[in-house]
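S.K.: Just dropping this structure here.
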Amino acid sequence: MLLITIISGVNRLLDVLIVGAGPAGLSLAKLLSSQGYTIGILERQPLDALANPLDDGREIALTQHSFTLLNQMGVTHYFKPDEYSALHAAKVLNGKSQNPLYFAPSSEQNNLGTMVSNHTIRRGLFQVVKDQANVNIITESSLLDAQQHSNHLTITTSAGVEIKTRLLVAADSRFSNTRRQMGIGATMTDFGRSMLVCRMAHTMPHHHIAYEIFDYEQTLALLPLANNCSSVVLTLPTPEIEKLLHLDIQDFTADIHERLNGRIGDISLVSNRFAYPLVATYAKQFVGNRFALIGDAAVGMHPVTAHGFNLGLLGAETLTIQVSLTNDIGNASRLAQYERIHRRATLPLFLTTNAIAKLYADDRIAARFIRNAGLRLANDFTPLKRKLVRQLMHA
């Protein structure tokens, strides 16, 4: 692979230019490179940030399908033993209720999924992409302009370089500048809250069970990690999150211990603290003329399920399958089919997740009653639980 800041030989026509070297963009590059396409990746960050991504506190609950696909791509080879952890089951609790909604796979299956840190996935994906001879990474550069032609697009970068490509793909976050440049809008849901994430060591075993606790005035998740640690994910109004970020370690630990109500015993902070605004996005179109959206640029999920990258990987896989069925990678009918398939796969989960997030952030008496009733119904209705488990395992 050629690692370059400015492409030499700009008259060369690429098959695909991907904007964004995050997990979704790198996944697409790896999948397409196996099909023999010539690929460029346009990325704002310097090369070292891609090769050695910093821990950003985010943990991903990989489905069985996602983990298998990453394994086939060679990515899991770069996961160290203490960088991933089995997810056997999940419990959802509402307020002070002692009757959790329990999710677990059937007896012949091992795991509900696998917990892996976001930066670990990014590092592994970079490793499998960096040696591909047909992939070029253009670092410290961004898309400035895109001109559409009948059989290609001409891209101008922030460095003033022109690149010609048969297909342009946006994978540059839920606030995608490329999506905006191509004239595609997105529905954005701002939940008016922020999420604080950190890693805690604790004295009680987690038994590889995740907890989602919809408590009154807060949402608290515990995601099981290696070495008897858990990722703590706390959702509160943004001003309260800001206060927690600035507490000293002793006071912060005491605050989180009280919120956890002793569920995992004594705790100690073993990572930095990170905060993210809660904004979900859904693009109004996934494709345009020789243009496609994947990852968060297409669907930016609420993190309540720690599930977002699975949809990004699914989108990369679906797009690869569709464009490989034609001699022209920018074929409009294949791109339209990608949009239909990916919309069917993502829209129901996106809408359901947003509805749940809004309902469980509502502390009115009626909302509490509906939440309790909904959990009881889901717990007692086995077909529904099986469907939800399949979604969690295979999306």
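Ligands are numbered from 1 in the order shown, chains are lettered A, B, ... in the order of the structure tokens, and residues start at 1 in each chain.
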Please run DSSP on the backbone and report, as a PyMOL selection string, all residues within range 232-357 of chain A that come out as strand (DSSP E).

M.R.: chain A and resi 232-237+267-269+274-283+287-288+291-293+299-300

S.K.: Give me, as a list in words, all polymer residues having an atom no more than 6 Å from range 313-327 of chain A, counting only C-alpha atoms and skipping those fewer than 3 positions away in the same chain.

M.R.: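 Near range 313-327 of chain A, the qualifying residues are Ala24, Leu28, Ile294, Asn310, Arg334 and Tyr338 of chain A.
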
S.K.: Can you tell me which residues surround Arg122 in chain A at a distance of at most 9 Å, considering only C-alpha atoms, apart from same-chain residues fewer than 2 positions away, and format the answer as a VMD selection string?

M.R.: chain A and resid 21 to 23 26 50 to 53 117 to 120 124 to 127

S.K.: Go through A:Glu83, A:Ser173, A:His302, A:Gly295 one by one, measure the shortest atom-to-atom distance of each to Ser27 in chain A using only C-alpha atoms, and give the residue with the smallest value.

M.R.: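 Smallest distance to Ser27 in chain A is found for A:Gly295.
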
S.K.: Pick from A:Ala210, A:Ala89, A:Gln148, A:Leu143: nearest to Ser176 in chain A, with only C-alpha atoms counted?

M.R.: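 The closest residue to Ser176 in chain A is A:Leu143.
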
S.K.: May I ask which of the residues A:Met195, A:Leu293, A:Met301, A:Leu70 is the closest one to Pro239 in chain A, counting only C-alpha atoms?

M.R.: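 For Pro239 in chain A, the nearest of the candidates is A:Met195.
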
S.K.: Quick one: residues within 10 Å of Gly160 in chain A, only C-alpha atoms counted, chain neighbours fewer than 4 positions away excluded, as a list in words?

M.R.: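 That gives Ile6, Ser141, Ser142, Leu143, Leu144, Asp145, Ile155 and Thr156 of chain A.
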
S.K.: In Å, rounded to a single decimal, give me how far CA of Gln181 in chain A is from CA of Gln147 in chain A.

M.R.: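 Pair CA of Gln147 in chain A / CA of Gln181 in chain A returns 10.3 Å.
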
S.K.: So that I can see what lies close to range 265-273 of chain A, please list as a VMD selection string the residues with an atom at most 9 Å from it, counting only C-alpha atoms and leaving out residues fewer than 3 positions away in the same chain.

M.R.: chain A and resid 55 to 57 196 to 205 229 245 249 to 250 252 to 254 256 to 257 260 to 262

S.K.: Just list the residues in range 268-365 of chain A DSSP gives alpha helix (DSSP H) on the backbone, as a ChimeraX atom specification.

M.R.: /A:308-323,332-360,365

S.K.: Name the residues in contact with Leu112 in chain A at a cut-off of 6 Å, using only C-alpha atoms, excluding same-chain residues fewer than 5 positions from it; report them as a ChimeraX atom specification.

M.R.: /A:87-89,105,393

S.K.: Go ahead and save the picked residues with N, CA, C and O atoms, as a tab-separated table (two decimals), in the first residue's frame.

M.R.:
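Result file again02.tsv:
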chain	number	residue	atom	x	y	z
A	87	LEU	N	-19.61	-11.83	25.76
A	87	LEU	CA	-20.86	-11.29	26.31
A	87	LEU	C	-21.87	-12.44	26.30
A	87	LEU	O	-22.39	-12.80	25.25
A	88	HIS	N	-22.11	-13.02	27.48
A	88	HIS	CA	-22.99	-14.19	27.58
A	88	HIS	C	-24.47	-13.82	27.60
A	88	HIS	O	-25.30	-14.56	27.08
A	89	ALA	N	-24.79	-12.71	28.24
A	89	ALA	CA	-26.20	-12.36	28.42
A	89	ALA	C	-26.32	-10.87	28.75
A	89	ALA	O	-25.33	-10.19	29.00
A	105	PRO	N	-28.56	-16.24	24.64
A	105	PRO	CA	-28.72	-17.14	23.49
A	105	PRO	C	-29.25	-18.49	23.92
A	105	PRO	O	-29.22	-18.84	25.11
A	393	MET	N	-27.55	-10.69	18.10
A	393	MET	CA	-26.47	-11.59	17.74
A	393	MET	C	-26.04	-11.49	16.29
A	393	MET	O	-24.88	-11.74	15.95

S.K.: Counting only C-alpha atoms, which of A:Ile41, A:Ile213, A:Met182, A:Leu101 gets nearest to Asn289 in chain A?

M.R.: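 Checking each candidate against Asn289 in chain A, we get A:Met182 as the closest.
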
S.K.: Could you jot down the CA of Ser33 in chain A to CA of Thr139 in chain A separation for me, Å, one decimal place?

M.R.: 18.6 Å

S.K.: To one decimal place, how far is CA of Glu240 in chain A from CA of Phe274 in chain A in Å?

M.R.: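 Separation between CA of Glu240 in chain A and CA of Phe274 in chain A: 13.5 Å.
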
S.K.: Pick from A:Ala226, A:Leu47, A:Val233, A:Ile18: nearest to Phe214 in chain A, with only C-alpha atoms counted?

M.R.: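 Of all the options, A:Val233 lies closest to Phe214 in chain A.
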
S.K.: Under the rule that only C-alpha atoms are counted, which of A:Ala104, A:Leu54, A:Ala186, A:Val128 is the nearest residue to Gln72 in chain A?

M.R.: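 The shortest atom-to-atom distance to Gln72 in chain A comes from A:Val128.
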